[in-house]
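K.L.:
This is entry.tsv (TSV, C-alpha atoms).
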```tsv
chain	number	residue	atom	x	y	z
A	1	MET	CA	-62.14	118.18	114.74
A	2	ASP	CA	-59.64	119.17	112.08
A	3	ASN	CA	-60.87	116.42	109.86
A	4	LYS	CA	-64.43	117.58	110.20
A	5	ARG	CA	-63.60	121.15	109.32
A	6	ARG	CA	-61.59	119.94	106.33
A	7	THR	CA	-64.51	117.89	105.00
A	8	PHE	CA	-66.87	120.74	105.62
A	9	LEU	CA	-64.70	123.16	103.64
A	10	LYS	CA	-64.31	120.67	100.80
A	11	PHE	CA	-68.03	120.09	100.69
A	12	ALA	CA	-68.75	123.81	100.82
A	13	GLY	CA	-66.24	124.49	98.07
A	14	VAL	CA	-67.73	121.90	95.74
A	15	ALA	CA	-71.24	123.11	96.48
A	16	ALA	CA	-70.27	126.71	95.82
A	17	ALA	CA	-68.60	125.76	92.54
A	18	LEU	CA	-71.66	123.79	91.45
A	19	GLY	CA	-73.94	126.58	92.51
A	20	ALA	CA	-71.94	129.18	90.65
A	21	GLY	CA	-71.71	126.98	87.55
A	22	GLY	CA	-75.42	126.28	87.58
A	23	SER	CA	-76.46	129.84	88.18
A	24	VAL	CA	-74.46	131.45	85.37
A	25	PRO	CA	-76.85	130.57	82.57
A	26	LEU	CA	-79.76	131.65	84.76
A	27	THR	CA	-78.28	135.05	85.48
A	28	LEU	CA	-77.42	135.48	81.82
A	29	ARG	CA	-80.99	134.70	80.87
A	30	ALA	CA	-82.36	137.07	83.47
A	31	ALA	CA	-80.05	139.82	82.22
A	32	TYR	CA	-81.52	139.65	78.73
A	33	ALA	CA	-83.55	142.80	78.59
A	34	PRO	CA	-84.71	144.79	75.58
A	35	GLU	CA	-82.94	147.95	76.73
A	36	GLN	CA	-79.63	146.11	76.43
A	37	GLU	CA	-80.36	145.09	72.87
A	38	GLN	CA	-79.24	147.23	70.03
A	39	TYR	CA	-81.13	150.23	68.87
A	40	LYS	CA	-79.89	152.39	66.07
A	41	GLN	CA	-80.72	155.16	63.66
A	42	ASP	CA	-82.08	154.47	60.23
A	43	ARG	CA	-79.53	154.45	57.48
A	44	ASP	CA	-81.89	156.11	54.99
A	45	ALA	CA	-82.89	158.84	57.43
A	46	LEU	CA	-82.37	162.49	56.53
A	47	THR	CA	-80.24	164.09	59.21
A	48	ALA	CA	-79.32	167.65	60.13
A	49	THR	CA	-78.14	169.64	63.10
A	50	ARG	CA	-80.86	172.31	62.76
A	51	TRP	CA	-83.83	171.68	60.51
A	52	GLY	CA	-85.50	174.73	59.03
A	53	MET	CA	-88.12	175.65	56.46
A	54	VAL	CA	-88.50	178.43	53.94
A	55	ILE	CA	-91.91	179.28	52.49
A	56	ASP	CA	-91.87	181.41	49.34
A	57	MET	CA	-95.27	183.08	49.50
A	58	ARG	CA	-94.87	184.41	45.94
A	59	LYS	CA	-95.33	180.86	44.62
A	60	PHE	CA	-98.66	180.38	46.38
A	61	THR	CA	-101.08	181.96	43.97
A	62	SER	CA	-104.41	180.26	44.56
A	63	GLU	CA	-106.53	178.86	47.35
A	64	GLU	CA	-105.84	175.36	46.03
A	65	ASP	CA	-102.09	175.72	46.61
A	66	PHE	CA	-102.72	176.12	50.33
A	67	GLU	CA	-105.42	173.45	50.37
A	68	ARG	CA	-103.09	170.89	48.83
A	69	CYS	CA	-100.44	171.42	51.53
A	70	ILE	CA	-102.98	171.32	54.36
A	71	GLU	CA	-104.67	168.23	52.95
A	72	ALA	CA	-101.33	166.44	52.49
A	73	CYS	CA	-100.30	167.11	56.08
A	74	HIS	CA	-103.62	166.35	57.71
A	75	SER	CA	-104.18	163.10	55.85
A	76	VAL	CA	-100.70	161.78	56.64
A	77	HIS	CA	-101.02	162.61	60.34
A	78	ASN	CA	-104.62	161.52	60.93
A	79	VAL	CA	-105.70	165.04	61.85
A	80	PRO	CA	-109.49	165.10	62.33
A	81	ASP	CA	-111.31	167.00	59.60
A	82	GLN	CA	-113.08	170.23	60.31
A	83	GLN	CA	-116.46	168.55	60.94
A	84	LEU	CA	-115.78	168.51	64.67
A	85	PRO	CA	-118.79	169.37	66.86
A	86	LYS	CA	-117.52	172.87	67.59
A	87	GLN	CA	-115.56	174.93	65.09
A	88	LYS	CA	-113.54	176.52	67.89
A	89	GLN	CA	-112.24	173.11	68.88
A	90	LYS	CA	-110.80	172.22	65.50
A	91	VAL	CA	-107.37	170.68	65.26
A	92	MET	CA	-104.80	172.26	62.96
A	93	TRP	CA	-101.24	171.31	62.19
A	94	ILE	CA	-100.95	173.70	59.28
A	95	TRP	CA	-103.39	176.47	58.40
A	96	THR	CA	-103.69	179.91	56.83
A	97	ASP	CA	-104.25	183.41	58.15
A	98	HIS	CA	-103.79	187.02	57.04
A	99	TYR	CA	-100.60	189.04	57.36
A	100	GLU	CA	-101.87	191.21	60.22
A	101	HIS	CA	-102.52	188.10	62.34
A	102	ALA	CA	-99.41	186.21	61.32
A	103	PHE	CA	-97.07	189.19	61.74
A	104	PRO	CA	-98.93	191.49	64.18
A	105	SER	CA	-95.87	193.43	65.27
A	106	SER	CA	-94.85	194.44	61.76
A	107	HIS	CA	-98.31	195.36	60.57
A	108	ASN	CA	-98.84	198.80	59.10
A	109	PRO	CA	-101.99	200.42	57.74
A	110	TYR	CA	-100.50	201.09	54.29
A	111	LEU	CA	-99.32	197.60	53.50
A	112	ALA	CA	-98.78	196.58	49.90
A	113	GLU	CA	-102.06	195.21	48.57
A	114	ARG	CA	-100.64	191.92	47.38
A	115	VAL	CA	-99.51	191.21	50.96
A	116	GLU	CA	-102.44	192.69	52.83
A	117	HIS	CA	-105.08	190.45	51.30
A	118	LYS	CA	-102.93	187.40	51.02
A	119	ASP	CA	-103.21	184.23	53.08
A	120	PHE	CA	-100.05	182.99	54.77
A	121	LEU	CA	-99.31	179.32	55.34
A	122	LEU	CA	-98.74	178.88	59.07
A	123	LEU	CA	-97.40	175.97	61.07
A	124	CYS	CA	-95.34	175.27	64.17
A	125	ASN	CA	-92.20	177.40	63.92
A	126	GLN	CA	-90.01	174.72	65.50
A	127	CYS	CA	-88.38	177.44	67.61
A	128	ASP	CA	-84.77	177.19	68.59
A	129	ASN	CA	-85.77	178.48	72.03
A	130	PRO	CA	-89.20	176.89	72.40
A	131	PRO	CA	-91.40	178.20	75.23
A	132	CYS	CA	-93.67	175.14	74.95
A	133	VAL	CA	-90.79	172.86	75.94
A	134	ARG	CA	-89.91	175.03	78.90
A	135	VAL	CA	-93.42	175.00	80.36
A	136	CYS	CA	-94.30	171.34	79.79
A	137	PRO	CA	-94.47	169.71	83.23
A	138	THR	CA	-94.09	166.14	81.98
A	139	LYS	CA	-91.49	166.69	79.25
A	140	ALA	CA	-94.05	165.40	76.77
A	141	THR	CA	-92.85	168.20	74.49
A	142	PHE	CA	-89.13	168.13	73.99
A	143	GLN	CA	-86.52	169.35	71.58
A	144	ARG	CA	-84.57	166.83	69.56
A	145	GLU	CA	-80.90	167.28	68.80
A	146	ASP	CA	-81.76	168.26	65.26
A	147	GLY	CA	-83.87	171.13	66.60
A	148	ILE	CA	-87.31	169.64	65.97
A	149	VAL	CA	-89.77	170.30	68.78
A	150	GLN	CA	-91.51	166.98	69.10
A	151	MET	CA	-94.38	165.68	71.15
A	152	ASP	CA	-94.54	162.38	72.95
A	153	PHE	CA	-98.31	161.88	72.98
A	154	HIS	CA	-97.89	159.06	75.50
A	155	ARG	CA	-96.75	161.53	78.13
A	156	CYS	CA	-99.11	164.43	77.47
A	157	ILE	CA	-101.50	164.98	80.38
A	158	GLY	CA	-103.47	167.71	78.62
A	159	CYS	CA	-102.62	170.57	80.99
A	160	ARG	CA	-102.36	172.94	78.00
A	161	TYR	CA	-99.49	174.97	79.45
A	162	CYS	CA	-97.80	174.61	76.07
A	163	MET	CA	-100.80	176.18	74.34
A	164	ALA	CA	-100.56	179.14	76.69
A	165	GLY	CA	-96.80	179.26	76.14
A	166	CYS	CA	-96.81	179.11	72.34
A	167	PRO	CA	-97.05	182.64	70.90
A	168	TYR	CA	-97.98	181.33	67.44
A	169	GLY	CA	-101.13	179.37	68.27
A	170	SER	CA	-99.52	176.30	66.74
A	171	ARG	CA	-101.04	173.87	69.15
A	172	SER	CA	-104.48	172.28	69.22
A	173	PHE	CA	-106.23	170.46	72.02
A	174	ASN	CA	-108.41	167.39	71.52
A	175	PHE	CA	-111.58	168.36	73.34
A	176	CYS	CA	-113.25	165.15	72.17
A	177	ASP	CA	-112.04	161.79	70.86
A	178	PRO	CA	-110.70	162.75	67.43
A	179	ALA	CA	-110.64	159.23	65.90
A	180	PRO	CA	-114.26	159.21	64.60
A	181	TYR	CA	-113.58	162.48	62.74
A	182	VAL	CA	-110.61	161.16	60.81
A	183	GLN	CA	-112.05	160.34	57.40
A	184	GLU	CA	-109.47	157.91	56.09
A	185	LYS	CA	-106.99	156.69	58.63
A	186	ASN	CA	-103.36	156.39	57.68
A	187	ALA	CA	-102.38	152.99	59.11
A	188	ASP	CA	-98.75	154.08	59.46
A	189	PHE	CA	-99.39	156.90	61.93
A	190	PRO	CA	-101.29	156.93	65.22
A	191	THR	CA	-104.35	159.00	65.99
A	192	ARG	CA	-104.69	160.86	69.26
A	193	MET	CA	-107.01	160.50	72.21
A	194	ARG	CA	-109.21	162.97	74.06
A	195	GLY	CA	-107.26	165.33	76.31
A	196	VAL	CA	-104.02	165.43	74.34
A	197	VAL	CA	-102.38	168.42	72.67
A	198	GLU	CA	-100.97	168.07	69.17
A	199	LYS	CA	-99.03	170.09	66.62
A	200	CYS	CA	-96.83	169.90	63.53
A	201	ASN	CA	-93.84	167.59	64.01
A	202	PHE	CA	-91.85	168.63	60.90
A	203	CYS	CA	-92.70	165.13	59.65
A	204	VAL	CA	-90.09	163.35	61.78
A	205	GLU	CA	-91.59	160.02	60.72
A	206	ARG	CA	-91.01	160.89	57.06
A	207	LEU	CA	-87.49	162.19	57.65
A	208	GLU	CA	-86.68	158.80	59.16
A	209	GLU	CA	-87.63	157.22	55.85
A	210	GLY	CA	-85.61	159.74	53.88
A	211	LEU	CA	-88.62	161.72	52.69
A	212	GLN	CA	-89.24	165.46	52.74
A	213	PRO	CA	-92.14	166.75	54.85
A	214	ALA	CA	-95.58	166.17	53.33
A	215	CYS	CA	-96.41	169.87	52.91
A	216	VAL	CA	-93.12	170.54	51.11
A	217	GLU	CA	-93.87	167.75	48.64
A	218	ALA	CA	-97.39	169.07	48.05
A	219	ALA	CA	-96.35	172.71	47.67
A	220	PRO	CA	-96.17	174.36	44.24
A	221	GLU	CA	-92.80	174.15	42.49
A	222	GLY	CA	-90.25	176.16	44.50
A	223	GLY	CA	-92.82	177.19	47.08
A	224	MET	CA	-91.33	175.45	50.08
A	225	PHE	CA	-87.81	174.43	51.00
A	226	PHE	CA	-86.71	172.22	53.85
A	227	GLY	CA	-83.16	171.59	54.98
A	228	ASP	CA	-80.31	172.08	57.39
A	229	LEU	CA	-79.92	175.69	58.54
A	230	ASP	CA	-76.48	174.87	59.95
A	231	ASP	CA	-75.19	173.73	56.57
A	232	PRO	CA	-74.15	176.76	54.47
A	233	ASN	CA	-74.41	174.68	51.29
A	234	SER	CA	-77.97	173.50	51.89
A	235	GLU	CA	-80.82	174.59	49.69
A	236	VAL	CA	-82.59	176.49	52.47
A	237	ARG	CA	-79.45	178.52	53.11
A	238	ARG	CA	-79.08	179.24	49.40
A	239	VAL	CA	-82.69	180.43	49.17
A	240	LEU	CA	-82.29	182.56	52.30
A	241	ARG	CA	-79.08	184.07	50.92
A	242	GLU	CA	-80.72	185.05	47.67
A	243	ASN	CA	-84.01	186.42	49.05
A	244	PHE	CA	-85.21	188.76	51.75
A	245	SER	CA	-87.09	186.74	54.36
A	246	ILE	CA	-89.13	187.45	57.48
A	247	ARG	CA	-90.07	185.39	60.52
A	248	ARG	CA	-93.02	185.53	62.89
A	249	LYS	CA	-92.75	187.45	66.20
A	250	VAL	CA	-88.94	187.39	66.36
A	251	GLU	CA	-89.01	190.02	69.11
A	252	LEU	CA	-90.18	187.36	71.58
A	253	GLY	CA	-86.79	185.67	71.40
A	254	THR	CA	-88.07	182.25	70.41
A	255	ASN	CA	-85.86	182.16	67.31
A	256	PRO	CA	-88.39	180.56	64.93
A	257	CYS	CA	-86.99	178.35	62.18
A	258	VAL	CA	-89.72	178.88	59.59
A	259	PHE	CA	-88.88	181.70	57.17
A	260	TYR	CA	-91.23	183.54	54.82
A	261	ILE	CA	-90.27	185.18	51.54
A	262	VAL	CA	-92.89	187.79	50.64
B	1	MET	CA	-109.33	131.42	128.23
B	2	TYR	CA	-111.55	134.35	128.93
B	3	ASP	CA	-114.33	134.74	126.39
B	4	GLY	CA	-113.18	131.61	124.58
B	5	GLY	CA	-116.73	131.04	123.46
B	6	LYS	CA	-116.58	134.25	121.42
B	7	ILE	CA	-112.94	134.27	120.36
B	8	ILE	CA	-112.78	130.77	118.87
B	9	PRO	CA	-115.94	131.05	116.72
B	10	GLY	CA	-114.69	134.50	115.70
B	11	LEU	CA	-111.37	133.07	114.59
B	12	VAL	CA	-113.12	130.30	112.69
B	13	ILE	CA	-115.32	132.80	110.85
B	14	PHE	CA	-112.27	134.94	110.09
B	15	LEU	CA	-110.39	131.96	108.64
B	16	ILE	CA	-113.37	130.95	106.52
B	17	LEU	CA	-113.60	134.46	105.10
B	18	LEU	CA	-109.85	134.61	104.53
B	19	THR	CA	-109.82	131.38	102.57
B	20	PHE	CA	-113.05	132.20	100.72
B	21	PRO	CA	-111.39	132.53	97.27
B	22	PHE	CA	-109.82	129.08	97.58
B	23	TRP	CA	-112.85	127.00	98.55
B	24	PHE	CA	-115.22	129.06	96.43
B	25	ASN	CA	-113.21	128.07	93.35
B	26	ILE	CA	-113.04	124.35	94.19
B	27	GLY	CA	-114.50	122.36	91.34
B	28	GLN	CA	-114.38	125.25	88.88
B	29	ALA	CA	-112.49	124.91	85.64
B	30	ALA	CA	-108.81	125.77	85.85
B	31	TYR	CA	-107.44	128.79	83.97
B	32	GLU	CA	-106.85	128.00	80.35
B	33	GLN	CA	-104.64	130.01	78.11
B	34	PRO	CA	-106.79	131.46	75.36
B	35	GLU	CA	-106.37	130.21	71.80
B	36	LEU	CA	-104.78	133.00	69.81
B	37	GLN	CA	-104.97	133.56	66.11
B	38	MET	CA	-101.39	133.28	64.94
B	39	PRO	CA	-100.10	134.91	61.76
B	40	ASP	CA	-100.44	132.68	58.70
B	41	GLU	CA	-97.26	133.57	56.89
B	42	GLU	CA	-94.74	133.98	59.70
B	43	THR	CA	-93.62	131.20	62.00
B	44	GLN	CA	-91.33	133.17	64.28
B	45	CYS	CA	-91.87	136.41	66.19
B	46	ILE	CA	-89.06	138.96	66.47
B	47	GLU	CA	-87.88	137.29	69.69
B	48	PRO	CA	-88.59	133.76	71.04
B	49	THR	CA	-92.32	133.23	71.59
B	50	GLU	CA	-91.99	132.41	75.29
B	51	TRP	CA	-89.97	135.53	75.88
B	52	MET	CA	-92.41	137.67	73.94
B	53	ARG	CA	-95.31	136.27	75.90
B	54	ALA	CA	-93.69	137.31	79.17
B	55	ASN	CA	-91.95	140.50	78.15
B	56	HIS	CA	-93.69	142.12	75.18
B	57	MET	CA	-95.04	144.94	77.34
B	58	GLU	CA	-91.57	145.90	78.54
B	59	LEU	CA	-90.19	145.63	75.04
B	60	LEU	CA	-92.92	147.92	73.74
B	61	ASP	CA	-92.27	150.35	76.56
B	62	VAL	CA	-88.59	150.62	75.63
B	63	TRP	CA	-89.46	150.72	71.92
B	64	ARG	CA	-91.70	153.70	72.52
B	65	ASP	CA	-88.95	155.72	74.18
B	66	MET	CA	-86.34	154.68	71.64
B	67	ALA	CA	-88.48	155.60	68.65
B	68	VAL	CA	-90.15	158.73	70.01
B	69	ARG	CA	-87.53	160.26	72.27
B	70	GLU	CA	-84.12	158.80	71.45
B	71	ASP	CA	-84.32	159.01	67.66
B	72	LYS	CA	-83.29	155.36	67.28
B	73	PRO	CA	-86.13	153.85	65.27
B	74	THR	CA	-84.40	150.59	64.32
B	75	TYR	CA	-84.30	147.52	66.56
B	76	VAL	CA	-81.76	144.72	66.24
B	77	SER	CA	-83.24	141.52	67.64
B	78	SER	CA	-81.32	138.81	69.49
B	79	ARG	CA	-81.24	136.87	66.20
B	80	GLY	CA	-79.59	139.82	64.51
B	81	GLU	CA	-82.58	140.87	62.42
B	82	THR	CA	-83.24	144.56	62.05
B	83	MET	CA	-86.71	146.03	62.02
B	84	GLU	CA	-88.47	149.35	62.31
B	85	ILE	CA	-89.78	150.16	65.77
B	86	SER	CA	-93.48	150.56	65.20
B	87	LEU	CA	-96.52	148.96	66.74
B	88	GLN	CA	-98.59	149.68	63.66
B	89	LYS	CA	-96.03	149.00	60.94
B	90	THR	CA	-94.07	146.11	62.46
B	91	CYS	CA	-96.10	144.27	65.12
B	92	MET	CA	-99.48	144.61	63.49
B	93	SER	CA	-98.29	143.79	60.00
B	94	CYS	CA	-98.18	140.14	61.16
B	95	HIS	CA	-100.58	140.25	64.10
B	96	THR	CA	-103.27	141.84	61.99
B	97	ASN	CA	-106.22	140.95	64.18
B	98	GLN	CA	-106.34	142.89	67.39
B	99	ALA	CA	-109.50	141.20	68.67
B	100	GLU	CA	-108.26	137.66	68.04
B	101	PHE	CA	-104.68	138.17	69.15
B	102	CYS	CA	-104.09	141.05	71.57
B	103	ASP	CA	-107.47	141.34	73.23
B	104	LYS	CA	-107.99	137.65	73.96
B	105	CYS	CA	-105.13	137.39	76.45
B	106	HIS	CA	-105.62	140.88	77.79
B	107	THR	CA	-109.27	140.20	78.52
B	108	SER	CA	-108.58	136.88	80.16
B	109	ALA	CA	-105.79	138.43	82.27
B	110	ALA	CA	-108.05	141.39	83.10
B	111	VAL	CA	-105.66	144.03	81.82
B	112	SER	CA	-106.74	146.84	79.56
B	113	PRO	CA	-103.76	148.52	77.89
B	114	TYR	CA	-104.64	151.77	76.13
B	115	CYS	CA	-102.50	151.20	73.02
B	116	TRP	CA	-105.46	151.33	70.65
B	117	ASP	CA	-106.90	154.51	72.09
B	118	CYS	CA	-104.54	156.14	69.62
B	119	HIS	CA	-102.76	153.49	67.58
B	120	VAL	CA	-104.68	152.31	64.56
B	121	ALA	CA	-105.38	148.59	64.26
B	122	PRO	CA	-105.44	147.22	60.71
B	123	GLU	CA	-109.14	146.27	60.75
B	124	GLU	CA	-110.06	149.87	61.58
B	125	VAL	CA	-108.51	150.90	58.30
B	126	SER	CA	-110.13	148.14	56.27
B	127	ASP	CA	-113.51	148.96	57.87
B	128	GLY	CA	-113.04	152.52	56.66
B	129	GLN	CA	-113.67	153.87	60.13
```
Using structure tokens, write down the structure from this file.
P.N.:
Amino acid sequence: MDNKRRTFLKFAGVAAALGAGGSVPLTLRAAYAPEQEQYKQDRDALTATRWGMVIDMRKFTSEEDFERCIEACHSVHNVPDQQLPKQKQKVMWIWTDHYEHAFPSSHNPYLAERVEHKDFLLLCNQCDNPPCVRVCPTKATFQREDGIVQMDFHRCIGCRYCMAGCPYGSRSFNFCDPAPYVQEKNADFPTRMRGVVEKCNFCVERLEEGLQPACVEAAPEGGMFFGDLDDPNSEVRRVLRENFSIRRKVELGTNPCVFYIV
Amino acid sequence: MYDGGKIIPGLVIFLILLTFPFWFNIGQAAYEQPELQMPDEETQCIEPTEWMRANHMELLDVWRDMAVREDKPTYVSSRGETMEISLQKTCMSCHTNQAEFCDKCHTSAAVSPYCWDCHVAPEEVSDGQ
């Protein structure tokens, strides 16, 4: 009896040891998963704790100045051109409008002429307190740590709550498949599909490569500045210190991060 | 057995129907892995080929979140190589032909991923679409 138990235990011990030894490589192999691999930030990337933009409207003197910025943005981001079936359904990341529409709460009937008849360059204000993020039911719109309000197109279900939430009209909905209306596709950036909302992303994909946003590069000399609002030595802060600037619909408490010098 | 004359033929019919896929396919050609067009210049994918074949969809799923949501757009592979996380810029710079590489397996496995609803395949650009 004793002998039998002894042999059984020996046998079981050896078997367990063999089993454990044999299974280690297998478990290691099974544990190899991409999420346990290394992911890191780009070394060349521009970083900040709160990105912001200053637009000096005095430097935009002609229609072409605006056109260049809009064209630069829309071609980089595969935004469909304005030949969409219905004009009301056009997609805009950056566009122009008059002062009374851009700044409705500070409009007055005796506005200086140079401001009254001037176009303003408008884009997503990348609010510090973004209503679009709060209302998004799928967290497709979210705020990055550097303040940029970004969209994950993969998650967007097209409910358009964000469009109702955004007080600046910065968001566009794809009522039809936009791909056929993109004249020349940029192979480095995706297009969108029908039923997805889109907007300006402060060129996050360019910041990763260490480049300034496309509109800033295309703007007339000294017309647009982009930088870290939290850094008192940054260029945007210098420009804001030296000039009087206004923001759109501040009274709503969204704390927009796009500043206009008029 | 009561009603054995009905129950037994019923069971037989049921078993025949249940095993229909097996005997219907007898004599038909076995599944063959489709011939894929491999990149000309590269010999090695970012991870071992076998692993990529089984796991590329999960890798891409994690890549998407890392690049879009986590602000970590660089991947370090198990061989220690670093690369940009991008379907268009990294994957499809070698696998340039969507129809001859991606679609062949996907069609034969009857899956239809919606990657290219939005992402631009290289031939779309060269076609000027």
K.L.:
Using all atoms listed in the file, what residues lie at most 12 Å away from (-91.2, 163.1, 68.8) (file coordinates), given as a VMD selection string?
P.N.:
(chain A and resid 139 to 156 198 to 208) or (chain B and resid 64 to 73)
K.L.:
Please report the interatomic distance between atom CA of A:Phe66 and atom CA of A:Asp231 in Å with one decimal.
P.N.:
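Going from atom CA of A:Phe66 over to atom CA of A:Asp231 covers 28.3 Å.
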K.L.:
Just need the residues of chain A within 8 Å of chain B, counting only C-alpha atoms, so spit them out as a count of residues only.
P.N.:
25
K.L.:
May I have the protein, DNA and RNA residues with any atom at most 12 Å from the point (-92.1, 174.8, 80.6), counting all atoms listed in the file, written as a ChimeraX atom specification?
P.N.:
/A:129-143,159-166
K.L.:
Okay, now the selection with C-alpha atoms, as a JSON list (two decimals), keeping the file's coordinate frame?
P.N.:
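Below is the file that was written, selection.json:
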```json
[["chain", "number", "residue", "atom", "x", "y", "z"],
["A", 129, "ASN", "CA", -85.77, 178.48, 72.03],
["A", 130, "PRO", "CA", -89.20, 176.89, 72.40],
["A", 131, "PRO", "CA", -91.40, 178.20, 75.23],
["A", 132, "CYS", "CA", -93.67, 175.14, 74.95],
["A", 133, "VAL", "CA", -90.79, 172.86, 75.94],
["A", 134, "ARG", "CA", -89.91, 175.03, 78.90],
["A", 135, "VAL", "CA", -93.42, 175.00, 80.36],
["A", 136, "CYS", "CA", -94.30, 171.34, 79.79],
["A", 137, "PRO", "CA", -94.47, 169.71, 83.23],
["A", 138, "THR", "CA", -94.09, 166.14, 81.98],
["A", 139, "LYS", "CA", -91.49, 166.69, 79.25],
["A", 140, "ALA", "CA", -94.05, 165.40, 76.77],
["A", 141, "THR", "CA", -92.85, 168.20, 74.49],
["A", 142, "PHE", "CA", -89.13, 168.13, 73.99],
["A", 143, "GLN", "CA", -86.52, 169.35, 71.58],
["A", 159, "CYS", "CA", -102.62, 170.57, 80.99],
["A", 160, "ARG", "CA", -102.36, 172.94, 78.00],
["A", 161, "TYR", "CA", -99.49, 174.97, 79.45],
["A", 162, "CYS", "CA", -97.80, 174.61, 76.07],
["A", 163, "MET", "CA", -100.80, 176.18, 74.34],
["A", 164, "ALA", "CA", -100.56, 179.14, 76.69],
["A", 165, "GLY", "CA", -96.80, 179.26, 76.14],
["A", 166, "CYS", "CA", -96.81, 179.11, 72.34]]
```
K.L.:
Within 12 Å of B:Thr43, counting all atoms listed in the file, which residues qualify if same-chain residues fewer than 6 places away don't, as a list in words?
P.N.:
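So the residues in contact are Thr49, Cys94 and His95 of chain B.
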K.L.:
Pull C-alpha atoms from the residues just selected and write them as a PDB file, in the frame of the given file.
P.N.:
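Output contents, as saved in part_4.pdb:
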```pdb
ATOM      1  CA  THR B  49     -92.320 133.230  71.590  1.00  0.00           C
ATOM      2  CA  CYS B  94     -98.180 140.140  61.160  1.00  0.00           C
ATOM      3  CA  HIS B  95    -100.580 140.250  64.100  1.00  0.00           C
TER       4      HIS B  95
END
```
K.L.:
At what distance in Å, to one decimal, does atom CA of A:Val54 lie from atom CA of A:Met224?
P.N.:
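Value for the atom CA of A:Met224-atom CA of A:Val54 distance: 5.6 Å.
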K.L.:
Expressed in Å to a single decimal, how great is the separation between atom CA of A:Ala214 and atom CA of B:Asn97?
P.N.:
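If I compute the distance from atom CA of A:Ala214 to atom CA of B:Asn97, I get 29.4 Å.
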K.L.:
In terms of the shortest atom-to-atom distance over only C-alpha atoms, which of B:Cys105, B:Met1, B:Ser112, B:Val12 is closest to B:Ala54?
P.N.:
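Ranked by minimum distance to B:Ala54, first place goes to B:Cys105.
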K.L.:
Find, counting all atoms listed in the file, the residue in A:Tyr168, A:Asn3, A:Thr49, A:His77 that gets nearest to A:Phe103.
P.N.:
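So, comparing all the options, the nearest one is A:Tyr168.
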K.L.:
Within 9 Å of stretch 233-249 of chain A, counting all atoms listed in the file, which residues show up once you throw out same-chain ones fewer than 2 positions away? Write them as a PyMOL selection string, please.
P.N.:
chain A and resi 52-54+56+102-106+125+167-168+225-231+251-262
K.L.:
Please fill the gaps in stretch 51-60 of chain A so it has N, CA, C and O atoms, and write that as a compact mmCIF listing (two decimals), in the coordinates of the input.
P.N.:
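The new file rebuild-v9.txt reads:
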```
# COMPACT_ATOMS: atom_id res chain seq x y z
N TRP A 51 -82.89 171.66 61.62
CA TRP A 51 -83.83 171.68 60.51
C TRP A 51 -84.52 173.04 60.42
O TRP A 51 -84.80 173.68 61.44
N GLY A 52 -84.79 173.47 59.22
CA GLY A 52 -85.50 174.73 59.03
C GLY A 52 -86.31 174.68 57.74
O GLY A 52 -86.12 173.79 56.90
N MET A 53 -87.23 175.64 57.62
CA MET A 53 -88.12 175.65 56.46
C MET A 53 -88.24 177.06 55.90
O MET A 53 -88.23 178.04 56.65
N VAL A 54 -88.29 177.15 54.59
CA VAL A 54 -88.50 178.43 53.94
C VAL A 54 -89.76 178.33 53.10
O VAL A 54 -89.92 177.36 52.33
N ILE A 55 -90.68 179.27 53.27
CA ILE A 55 -91.91 179.28 52.49
C ILE A 55 -91.88 180.53 51.60
O ILE A 55 -91.82 181.65 52.10
N ASP A 56 -91.88 180.30 50.30
CA ASP A 56 -91.87 181.41 49.34
C ASP A 56 -93.31 181.75 49.00
O ASP A 56 -93.94 181.08 48.17
N MET A 57 -93.84 182.77 49.66
CA MET A 57 -95.27 183.08 49.50
C MET A 57 -95.61 183.54 48.09
O MET A 57 -96.76 183.49 47.68
N ARG A 58 -94.60 183.96 47.31
CA ARG A 58 -94.87 184.41 45.94
C ARG A 58 -95.34 183.26 45.05
O ARG A 58 -96.01 183.46 44.05
N LYS A 59 -94.98 182.03 45.45
CA LYS A 59 -95.33 180.86 44.62
C LYS A 59 -96.74 180.35 44.93
O LYS A 59 -97.28 179.53 44.20
N PHE A 60 -97.31 180.81 46.03
CA PHE A 60 -98.66 180.38 46.38
C PHE A 60 -99.65 181.38 45.79
O PHE A 60 -99.81 182.48 46.30
```
